[in-house]
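The file target-v3.txt contains compact mmCIF, C-alpha atoms and all ligand atoms:
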```
# COMPACT_ATOMS: atom_id res chain seq x y z
CA MET A 95 28.04 -11.26 -0.77
CA THR A 96 25.59 -10.20 1.95
CA THR A 97 23.62 -13.15 3.29
CA GLU A 98 22.27 -11.58 6.44
CA LEU A 99 20.72 -8.23 7.16
CA THR A 100 19.14 -6.84 10.32
CA ILE A 101 16.76 -3.90 10.03
CA HIS A 102 14.21 -2.14 12.20
CA ARG A 103 10.89 -4.00 12.10
CA PRO A 104 9.11 -2.74 8.97
CA ASP A 105 5.79 -0.91 8.59
CA ASP A 106 3.23 -1.43 5.85
CA MET A 107 1.95 2.03 4.98
CA HIS A 108 -0.93 0.80 2.78
CA LEU A 109 -2.85 -2.34 3.70
CA HIS A 110 -6.30 -3.87 3.21
CA LEU A 111 -7.38 -6.15 6.04
CA ARG A 112 -11.14 -6.34 5.26
CA ASP A 113 -13.51 -7.55 7.98
CA GLY A 114 -15.08 -10.71 9.44
CA GLU A 115 -13.59 -14.07 8.38
CA MET A 116 -11.14 -12.45 5.97
CA LEU A 117 -9.83 -10.11 8.66
CA LYS A 118 -9.28 -13.04 11.02
CA ALA A 119 -7.39 -14.96 8.36
CA VAL A 120 -5.08 -12.21 7.11
CA THR A 121 -4.22 -10.04 10.13
CA PRO A 122 -1.77 -12.51 11.70
CA HIS A 123 0.30 -12.62 8.50
CA THR A 124 0.77 -8.87 8.64
CA SER A 125 1.26 -8.61 12.38
CA ALA A 126 3.94 -11.32 12.20
CA ASP A 127 6.21 -9.25 9.98
CA PHE A 128 5.12 -5.61 10.43
CA GLY A 129 5.06 -3.33 13.46
CA ARG A 130 2.41 -0.97 12.14
CA ALA A 131 0.15 -0.63 9.15
CA ILE A 132 -1.92 2.12 7.57
CA ILE A 133 -5.33 0.46 7.34
CA MET A 134 -7.42 1.14 4.26
CA PRO A 135 -11.04 2.11 4.94
CA ASN A 136 -12.76 0.67 1.84
CA LEU A 137 -14.99 -1.76 3.69
CA VAL A 138 -18.62 -2.25 2.67
CA PRO A 139 -19.92 0.17 3.86
CA PRO A 140 -16.75 2.28 4.07
CA VAL A 141 -15.17 3.59 7.28
CA THR A 142 -16.23 7.22 7.08
CA THR A 143 -16.41 8.38 10.71
CA SER A 144 -14.06 8.30 13.68
CA GLU A 145 -16.55 6.18 15.55
CA GLN A 146 -16.52 3.57 12.79
CA ALA A 147 -12.72 3.69 12.67
CA ARG A 148 -12.52 3.11 16.44
CA ALA A 149 -14.82 0.09 16.19
CA TYR A 150 -12.87 -1.25 13.20
CA ARG A 151 -9.58 -0.80 15.05
CA ASP A 152 -10.99 -2.86 17.94
CA ARG A 153 -12.11 -5.61 15.56
CA ILE A 154 -8.64 -5.67 13.99
CA MET A 155 -6.83 -5.75 17.34
CA ALA A 156 -9.00 -8.69 18.44
CA THR A 157 -7.45 -10.72 15.58
CA VAL A 158 -3.79 -9.95 16.41
CA PRO A 159 -2.02 -12.91 18.08
CA LYS A 160 -0.93 -12.03 21.64
CA ASP A 161 2.78 -12.42 20.94
CA HIS A 162 2.79 -10.06 17.93
CA ALA A 163 3.82 -6.43 18.44
CA PHE A 164 1.42 -4.67 16.09
CA GLU A 165 -0.39 -1.34 15.99
CA THR A 166 -2.98 -0.04 13.58
CA MET A 167 -2.82 3.36 11.93
CA MET A 168 -6.44 4.04 11.02
CA THR A 169 -7.70 6.08 8.09
CA LEU A 170 -11.02 7.57 7.09
CA TYR A 171 -12.66 7.20 3.70
CA LEU A 172 -13.26 10.65 2.27
CA THR A 173 -16.75 11.27 0.88
CA GLU A 174 -18.45 14.39 -0.33
CA GLY A 175 -20.32 14.35 3.00
CA THR A 176 -17.28 14.02 5.30
CA ASP A 177 -17.57 16.14 8.43
CA ALA A 178 -14.32 18.09 8.89
CA SER A 179 -14.82 18.42 12.64
CA ASP A 180 -15.05 14.63 13.03
CA VAL A 181 -11.80 14.23 11.05
CA VAL A 182 -10.06 16.77 13.28
CA ALA A 183 -11.42 15.17 16.46
CA GLY A 184 -10.27 11.69 15.31
CA ALA A 185 -6.82 13.03 14.47
CA LYS A 186 -6.50 14.92 17.77
CA GLU A 187 -7.44 11.76 19.65
CA GLY A 188 -4.54 10.01 17.89
CA LEU A 189 -6.85 7.51 16.25
CA ILE A 190 -6.93 8.82 12.69
CA LYS A 191 -3.56 9.03 10.94
CA ALA A 192 -4.72 9.94 7.44
CA VAL A 193 -7.71 10.34 5.14
CA LYS A 194 -8.05 8.36 1.92
CA LEU A 195 -9.25 9.88 -1.32
CA TYR A 196 -10.78 7.43 -3.77
CA PRO A 197 -12.03 9.01 -6.96
CA ALA A 198 -15.56 7.59 -7.28
CA GLY A 199 -15.49 4.41 -9.33
CA ALA A 200 -11.69 4.07 -9.44
CA THR A 201 -11.41 0.72 -7.68
CA THR A 202 -12.84 -1.82 -5.23
CA ASN A 203 -15.60 -0.26 -3.08
CA SER A 204 -14.98 3.25 -4.29
CA ALA A 205 -18.58 4.07 -5.22
CA SER A 206 -18.90 6.47 -2.26
CA GLY A 207 -15.67 8.22 -3.22
CA VAL A 208 -15.16 11.76 -4.42
CA ARG A 209 -16.60 12.92 -7.74
CA ASP A 210 -15.37 16.50 -7.56
CA VAL A 211 -12.42 17.53 -5.37
CA ALA A 212 -13.88 21.04 -5.04
CA THR A 213 -16.62 19.65 -2.80
CA VAL A 214 -14.12 18.35 -0.23
CA MET A 215 -11.89 21.43 -0.13
CA PRO A 216 -13.16 22.52 3.32
CA VAL A 217 -12.07 19.14 4.75
CA LEU A 218 -8.72 19.28 2.95
CA GLU A 219 -8.11 22.80 4.27
CA LYS A 220 -8.63 21.60 7.83
CA MET A 221 -6.30 18.64 7.19
CA ALA A 222 -3.64 20.98 5.85
CA GLU A 223 -4.02 23.10 8.97
CA ILE A 224 -3.42 20.19 11.35
CA GLY A 225 -0.91 18.34 9.14
CA LEU A 226 -3.07 15.26 8.56
CA PRO A 227 -1.99 13.46 5.37
CA LEU A 228 -4.29 12.87 2.41
CA LEU A 229 -3.69 9.46 0.83
CA VAL A 230 -4.53 9.54 -2.82
CA HIS A 231 -5.63 6.78 -5.16
CA GLY A 232 -4.30 8.62 -8.16
CA GLU A 233 -6.34 7.52 -11.15
CA VAL A 234 -8.92 9.38 -13.17
CA THR A 235 -12.00 7.34 -13.92
CA THR A 236 -13.53 8.75 -17.07
CA ALA A 237 -14.17 6.23 -19.83
CA ASP A 238 -12.28 8.27 -22.43
CA ILE A 239 -8.97 7.86 -20.61
CA ASP A 240 -7.14 4.61 -21.30
CA ILE A 241 -6.62 2.54 -18.15
CA PHE A 242 -2.82 2.62 -18.65
CA ASP A 243 -2.86 6.45 -18.73
CA ARG A 244 -5.09 7.06 -15.75
CA GLU A 245 -2.33 7.76 -13.23
CA LYS A 246 -0.44 10.17 -15.45
CA VAL A 247 -3.63 12.09 -16.32
CA PHE A 248 -4.65 12.20 -12.65
CA ILE A 249 -1.34 13.82 -11.72
CA GLU A 250 -1.71 16.46 -14.42
CA THR A 251 -5.39 17.26 -14.05
CA ILE A 252 -6.22 16.65 -10.37
CA LEU A 253 -3.20 16.22 -8.13
CA ASP A 254 -1.00 19.02 -9.35
CA PRO A 255 -3.81 21.63 -9.37
CA LEU A 256 -4.81 20.49 -5.86
CA ARG A 257 -1.26 20.84 -4.54
CA GLN A 258 -0.91 24.24 -6.12
CA ALA A 259 -4.19 25.36 -4.53
CA LEU A 260 -3.26 23.94 -1.12
CA PRO A 261 0.54 23.63 -0.86
CA GLU A 262 0.46 22.96 2.89
CA LEU A 263 -1.57 19.78 2.41
CA ARG A 264 0.52 16.68 3.12
CA VAL A 265 -0.09 14.13 0.37
CA VAL A 266 0.89 10.52 -0.19
CA MET A 267 0.60 9.28 -3.76
CA GLU A 268 -0.46 5.73 -3.03
CA HIS A 269 0.87 2.76 -4.97
CA ILE A 270 2.50 4.67 -7.81
CA THR A 271 2.92 2.63 -10.97
CA THR A 272 4.53 4.96 -13.50
CA LYS A 273 7.79 6.77 -14.15
CA GLU A 274 5.73 9.98 -14.23
CA GLY A 275 4.45 9.20 -10.72
CA ALA A 276 7.96 8.57 -9.41
CA GLN A 277 9.24 11.72 -11.08
CA TYR A 278 6.42 13.87 -9.72
CA ALA A 279 7.03 12.58 -6.18
CA LYS A 280 10.73 13.23 -6.49
CA GLU A 281 10.17 16.81 -7.57
CA GLY A 282 7.78 17.50 -4.71
CA ASN A 283 8.56 19.26 -1.45
CA GLU A 284 8.56 17.70 2.03
CA ASN A 285 4.75 17.59 1.98
CA LEU A 286 4.74 14.96 -0.75
CA ALA A 287 5.59 11.26 -0.59
CA ALA A 288 4.71 8.09 -2.48
CA THR A 289 4.17 4.48 -1.54
CA ILE A 290 5.27 1.64 -3.78
CA THR A 291 3.92 -1.90 -3.61
CA THR A 292 5.95 -5.07 -3.64
CA HIS A 293 4.24 -6.43 -6.73
CA HIS A 294 4.78 -3.32 -8.85
CA LEU A 295 8.52 -3.80 -8.32
CA ILE A 296 8.21 -7.33 -9.71
CA ILE A 297 5.53 -7.50 -12.41
CA ASN A 298 4.80 -5.52 -15.54
CA ARG A 299 1.71 -5.75 -17.73
CA ASN A 300 3.04 -8.76 -19.63
CA HIS A 301 2.69 -10.79 -16.46
CA ILE A 302 -1.06 -10.17 -16.57
CA LEU A 303 -1.68 -10.64 -20.28
CA VAL A 304 0.94 -12.80 -22.00
CA GLY A 305 0.29 -16.53 -22.34
CA GLY A 306 -3.25 -16.33 -20.99
CA ILE A 307 -4.94 -13.91 -18.64
CA LYS A 308 -3.54 -14.11 -15.10
CA PRO A 309 -6.12 -12.75 -12.69
CA HIS A 310 -3.85 -13.01 -9.67
CA TYR A 311 -1.63 -10.29 -11.15
CA TYR A 312 -4.55 -7.95 -11.71
CA CYS A 313 -4.72 -4.99 -9.38
CA LEU A 314 -5.36 -1.26 -9.54
CA PRO A 315 -3.62 0.77 -10.60
CA VAL A 316 -2.85 -1.93 -13.14
CA ALA A 317 0.82 -2.82 -13.70
CA LYS A 318 2.31 -0.86 -16.59
CA ARG A 319 5.13 -1.31 -19.15
CA GLU A 320 8.59 -2.53 -18.15
CA GLU A 321 10.11 0.98 -18.25
CA HIS A 322 7.72 1.98 -15.47
CA ARG A 323 8.60 -1.03 -13.33
CA LEU A 324 12.27 -0.10 -13.69
CA ALA A 325 11.55 3.50 -12.67
CA LEU A 326 9.74 2.24 -9.57
CA ARG A 327 12.68 -0.01 -8.72
CA ALA A 328 15.05 2.93 -9.05
CA ALA A 329 12.85 5.07 -6.78
CA ALA A 330 12.34 2.40 -4.11
CA THR A 331 16.00 1.43 -3.95
CA SER A 332 17.30 5.01 -4.05
CA GLY A 333 16.97 5.58 -0.32
CA ASP A 334 15.11 8.84 -1.10
CA ALA A 335 12.93 9.59 1.96
CA ARG A 336 9.90 10.32 -0.18
CA PHE A 337 9.46 6.68 -1.18
CA PHE A 338 8.30 3.98 1.21
CA LEU A 339 6.59 0.63 1.34
CA GLY A 340 2.82 0.32 1.12
CA THR A 341 2.10 -3.24 0.01
CA ASP A 342 -1.52 -2.58 -1.00
CA SER A 343 -1.93 -6.22 -0.06
CA ALA A 344 -5.61 -6.60 -0.96
CA PRO A 345 -7.06 -10.06 -0.36
CA HIS A 346 -9.96 -11.35 -2.42
CA THR A 347 -11.04 -14.98 -2.41
CA THR A 348 -9.54 -17.09 -5.18
CA SER A 349 -13.00 -17.60 -6.69
CA THR A 350 -13.70 -13.87 -6.99
CA LYS A 351 -10.36 -13.38 -8.77
CA GLU A 352 -10.67 -16.41 -11.08
CA ASN A 353 -13.90 -15.06 -12.43
CA ALA A 354 -15.43 -13.58 -15.59
CA CYS A 355 -15.24 -10.22 -13.77
CA GLY A 356 -12.26 -10.76 -11.51
CA CYS A 357 -11.62 -8.44 -8.56
CA ALA A 358 -8.59 -6.15 -8.47
CA GLY A 359 -6.09 -6.85 -5.72
CA ILE A 360 -2.96 -8.85 -4.97
CA TYR A 361 -2.43 -10.52 -1.62
CA SER A 362 1.25 -10.14 -0.74
CA SER A 363 1.50 -9.66 3.04
CA LEU A 364 2.73 -13.19 3.60
CA ASN A 365 5.89 -13.06 1.48
CA THR A 366 6.48 -9.33 0.99
CA MET A 367 9.63 -9.02 3.07
CA SER A 368 11.21 -12.00 1.34
CA CYS A 369 10.27 -10.59 -2.08
CA LEU A 370 11.65 -7.16 -1.18
CA ALA A 371 14.97 -8.57 -0.01
CA HIS A 372 15.21 -10.39 -3.36
CA VAL A 373 14.45 -7.20 -5.33
CA PHE A 374 16.83 -5.00 -3.32
CA GLU A 375 19.58 -7.61 -3.64
CA GLU A 376 19.04 -7.76 -7.42
CA GLU A 377 19.41 -3.99 -7.53
CA GLY A 378 22.57 -4.08 -5.40
CA ALA A 379 20.72 -2.01 -2.81
CA LEU A 380 20.22 -4.22 0.23
CA ASP A 381 21.60 -1.33 2.28
CA LYS A 382 18.54 0.75 1.23
CA LEU A 383 15.89 -1.80 2.22
CA GLU A 384 15.63 -0.51 5.78
CA ALA A 385 15.00 3.05 4.58
CA PHE A 386 12.25 1.87 2.24
CA ALA A 387 10.49 -0.59 4.53
CA SER A 388 11.18 0.68 8.05
CA LEU A 389 12.38 4.30 8.20
CA ASN A 390 11.00 6.58 5.48
CA GLY A 391 7.34 5.87 6.13
CA ALA A 392 7.67 6.35 9.87
CA ALA A 393 9.51 9.62 9.31
CA PHE A 394 6.78 10.92 6.98
CA TYR A 395 4.11 10.09 9.57
CA GLY A 396 6.23 11.69 12.31
CA ILE A 397 6.73 8.53 14.37
CA ALA A 398 9.88 6.77 15.57
CA PRO A 399 11.01 3.58 13.85
CA ASN A 400 9.73 0.40 15.48
CA ARG A 401 11.82 -0.75 18.41
CA GLY A 402 11.81 -4.38 17.26
CA LYS A 403 14.24 -5.78 14.71
CA THR A 404 13.89 -8.10 11.75
CA ARG A 405 16.67 -10.31 10.46
CA LEU A 406 16.70 -11.37 6.83
CA VAL A 407 18.78 -14.43 6.13
CA LYS A 408 19.61 -15.71 2.65
CA GLU A 409 19.28 -19.49 2.57
CA GLU A 410 21.02 -21.94 0.23
CA SER A 411 17.72 -23.39 -0.91
CA PRO A 412 14.36 -21.68 -1.45
CA VAL A 413 12.14 -20.74 1.45
CA SER A 414 8.62 -22.04 0.98
CA TYR A 415 5.42 -20.06 1.31
CA PRO A 416 1.94 -21.54 0.90
CA GLU A 417 0.28 -20.90 -2.46
CA THR A 418 -2.98 -20.10 -0.70
CA ILE A 419 -4.27 -19.42 2.78
CA ALA A 420 -7.64 -20.62 4.05
CA VAL A 421 -10.46 -18.16 4.69
CA GLY A 422 -13.53 -20.02 5.97
CA ASP A 423 -14.40 -22.49 3.21
CA GLU A 424 -12.50 -20.50 0.62
CA THR A 425 -8.89 -19.58 -0.08
CA VAL A 426 -6.91 -16.46 -0.86
CA THR A 427 -4.13 -16.90 -3.39
CA VAL A 428 -0.74 -15.59 -2.27
CA PHE A 429 1.30 -13.38 -4.64
CA ASP A 430 3.61 -15.52 -6.77
CA PRO A 431 6.69 -13.46 -7.65
CA GLY A 432 7.55 -15.93 -10.40
CA PHE A 433 10.98 -16.82 -8.98
CA PRO A 434 12.14 -18.79 -5.96
CA LEU A 435 12.62 -16.81 -2.75
CA TYR A 436 15.76 -17.41 -0.73
CA TRP A 437 15.42 -14.74 1.95
CA ARG A 438 13.98 -15.99 5.21
CA VAL A 439 12.40 -13.48 7.58
CA GLU A 440 13.14 -13.73 11.29
CA ASN A 441 11.27 -11.47 13.65
CA LEU A 442 13.53 -10.65 16.56
CA GLY A 443 10.85 -8.91 18.65
O1 LIG A 501 -5.96 -3.66 -6.58
C1 LIG A 501 -6.54 -3.00 -5.73
N1 LIG A 501 -7.27 -3.57 -4.77
N2 LIG A 501 -6.42 -1.68 -5.78
C2 LIG A 501 -7.14 -0.88 -4.98
O2 LIG A 501 -7.02 0.30 -5.09
C3 LIG A 501 -8.10 -1.45 -4.02
C4 LIG A 501 -7.76 -2.83 -3.68
C5 LIG A 501 -8.88 -3.56 -2.98
O3 LIG A 501 -9.45 -3.03 -2.04
O4 LIG A 501 -9.15 -4.70 -3.35
ZN ZN A 502 -5.21 -0.11 -1.70
```
I need this file expressed as structure tokens, please.
Amino acid sequence: MTTELTIHRPDDMHLHLRDGEMLKAVTPHTSADFGRAIIMPNLVPPVTTSEQARAYRDRIMATVPKDHAFETMMTLYLTEGTDASDVVAGAKEGLIKAVKLYPAGATTNSASGVRDVATVMPVLEKMAEIGLPLLVHGEVTTADIDIFDREKVFIETILDPLRQALPELRVVMEHITTKEGAQYAKEGNENLAATITTHHLIINRNHILVGGIKPHYYCLPVAKREEHRLALRAAATSGDARFFLGTDSAPHTTSTKENACGCAGIYSSLNTMSCLAHVFEEEGALDKLEAFASLNGAAFYGIAPNRGKTRLVKEESPVSYPETIAVGDETVTVFDPGFPLYWRVENLG
């Protein structure tokens, strides 16, 4: 039985750090365990220009403890008014690593997102030309489509037509939650990849709805049936280079989640690596964890793996993580996988 595993320091290819007090509170938990992270731009107001991304990067870096080796990979929030030349300039400068497409109304702070993909085609064409990835929140938003079908319908009606129209565009299907999502990514060419969160490997929709409503398991895309969770596990643990870790760790204060209209988002940065080791061990795939968390994402973004190493050690008794972290006068509730965690994370620098 493997009780120790050393891998390249992982990257989180989909992360929400927010701003202000929240940013200060959460950054150190990511920078402790991850070498790099793709930073989501859905602030209020969103990060829509290179100049805003540069300023946000500086605010993030000011919250990274001095002894943590951490780099940001900034993204821009695509709107129907996005200036293609600014995107290109930001990418050429090395600041902007991707552009995020939120269908308007799909999730937290997505009101300025895209209503009609046709309007952003000139920007997407430029991105295809320079090889800048489009990160897609893949859910349709129309009221007539059931929330559990929104990913599948998005793939059929928006994503596939877009990829056919612009095959050179590099696309990441963010936080896939369905077997159809995993299958579509698997069938794609080298321009297509998909991130998978930690929590979607662990929870299905029963966790949210059975025995009382559990707001801390509510996120978007919402967790689906068990068969989908199993398909995601198979994809993540397969070693296939198209699948990599994006935690979608998305902190909201405990009070805004435990609320009559609770926010979507699960905060998992703190214990993600321990959770993943548990999942990969359960699947008999510990040897694939490095590909998923440290190698595949870097390869897709055309960067070398982190130089640092991370050792995962399986302890005899459970490792403890706090249930909440403090943010000003409030707290953020940490993802509870629902089972004890035995894998301790050691950052070897
Ligand atoms: O659950 C989610 N939370 N899904 C998203 O797409 C956005 C995120 C957030 O920003 O809170
Ligand atoms: Zn997200």
Next on the checklist: Within 12 Å of ligand ZN 502 (chain A) (counting only C-alpha atoms and all ligand atoms), which residues show up? I'd like them as number ranges by chain.
Outcome noted: A: 106-112, 132-137, 169, 171, 194-196, 200-204, 229-232, 267-270, 289-291, 313-316, 340-345, 358-362
Item to check | Pairwise distance for CA of Thr100 in chain A and CA of Asp161 in chain A, rounded to one decimal in Å | outcome: 20.3 Å
Checklist entry - When distances are computed from all atoms listed in the file, which of A:Ala420, A:Ala131, A:Ala288, A:Ile252 shows the smallest separation from Pro104 in chain A? => result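 Closest to Pro104 in chain A of all the choices is A:Ala131.
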Determine, counting all atoms listed in the file, which protein, DNA and RNA residues have an atom within 9 Å of an atom of Glu174 in chain A; residues of the same chain fewer than 3 positions away are not included. Present the result as a PDB file with C-alpha atoms, keeping the file's coordinate frame.
```pdb
ATOM      1  CA  ASP A 177     -17.570  16.140   8.430  1.00  0.00           C
ATOM      2  CA  SER A 206     -18.900   6.470  -2.260  1.00  0.00           C
ATOM      3  CA  GLY A 207     -15.670   8.220  -3.220  1.00  0.00           C
ATOM      4  CA  VAL A 208     -15.160  11.760  -4.420  1.00  0.00           C
ATOM      5  CA  ARG A 209     -16.600  12.920  -7.740  1.00  0.00           C
ATOM      6  CA  ASP A 210     -15.370  16.500  -7.560  1.00  0.00           C
ATOM      7  CA  VAL A 211     -12.420  17.530  -5.370  1.00  0.00           C
ATOM      8  CA  THR A 213     -16.620  19.650  -2.800  1.00  0.00           C
ATOM      9  CA  VAL A 214     -14.120  18.350  -0.230  1.00  0.00           C
TER      10      VAL A 214
END
```
Checklist entry - Distance CA of Gly199 in chain A-CA of Phe242 in chain A, one decimal place? => result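 Taking CA of Gly199 in chain A as the start and CA of Phe242 in chain A as the end point, the length is 15.8 Å.
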Mind working out the centre and edge lengths of an axis-aligned box for ligand LIG 501 (chain A), all listed atoms inside, 8 Å added to each side, rounded to one decimal in Å and written as AutoDock Vina command-line options?
```
--center_x -7.7 --center_y -2.2 --center_z -4.3 --size_x 19.5 --size_y 21.0 --size_z 20.5
```
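Picture a line from CA of Ser411 in chain A to CA of Leu99 in chain A; it runs 17.4 Å.
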Next on the checklist: Neighbouring residues of range 387-396 of chain A were defined as those with any atom within 6 Å, considering all atoms listed in the file; residues of the same chain fewer than 5 positions away were excluded. Please report them as a ChimeraX atom specification.
Outcome noted: /A:102,104-105,335,338-339
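Using all atoms listed in the file, the nearest neighbour of ligand LIG 501 (chain A) within the list A:Thr272, A:Thr425, A:Thr331, A:Thr347 is A:Thr347.
Distance check against ligand LIG 501 (chain A) using all atoms listed in the file: of A:Gly275, A:Gly422, A:Gly356, A:Pro255, the minimum falls on A:Gly356.
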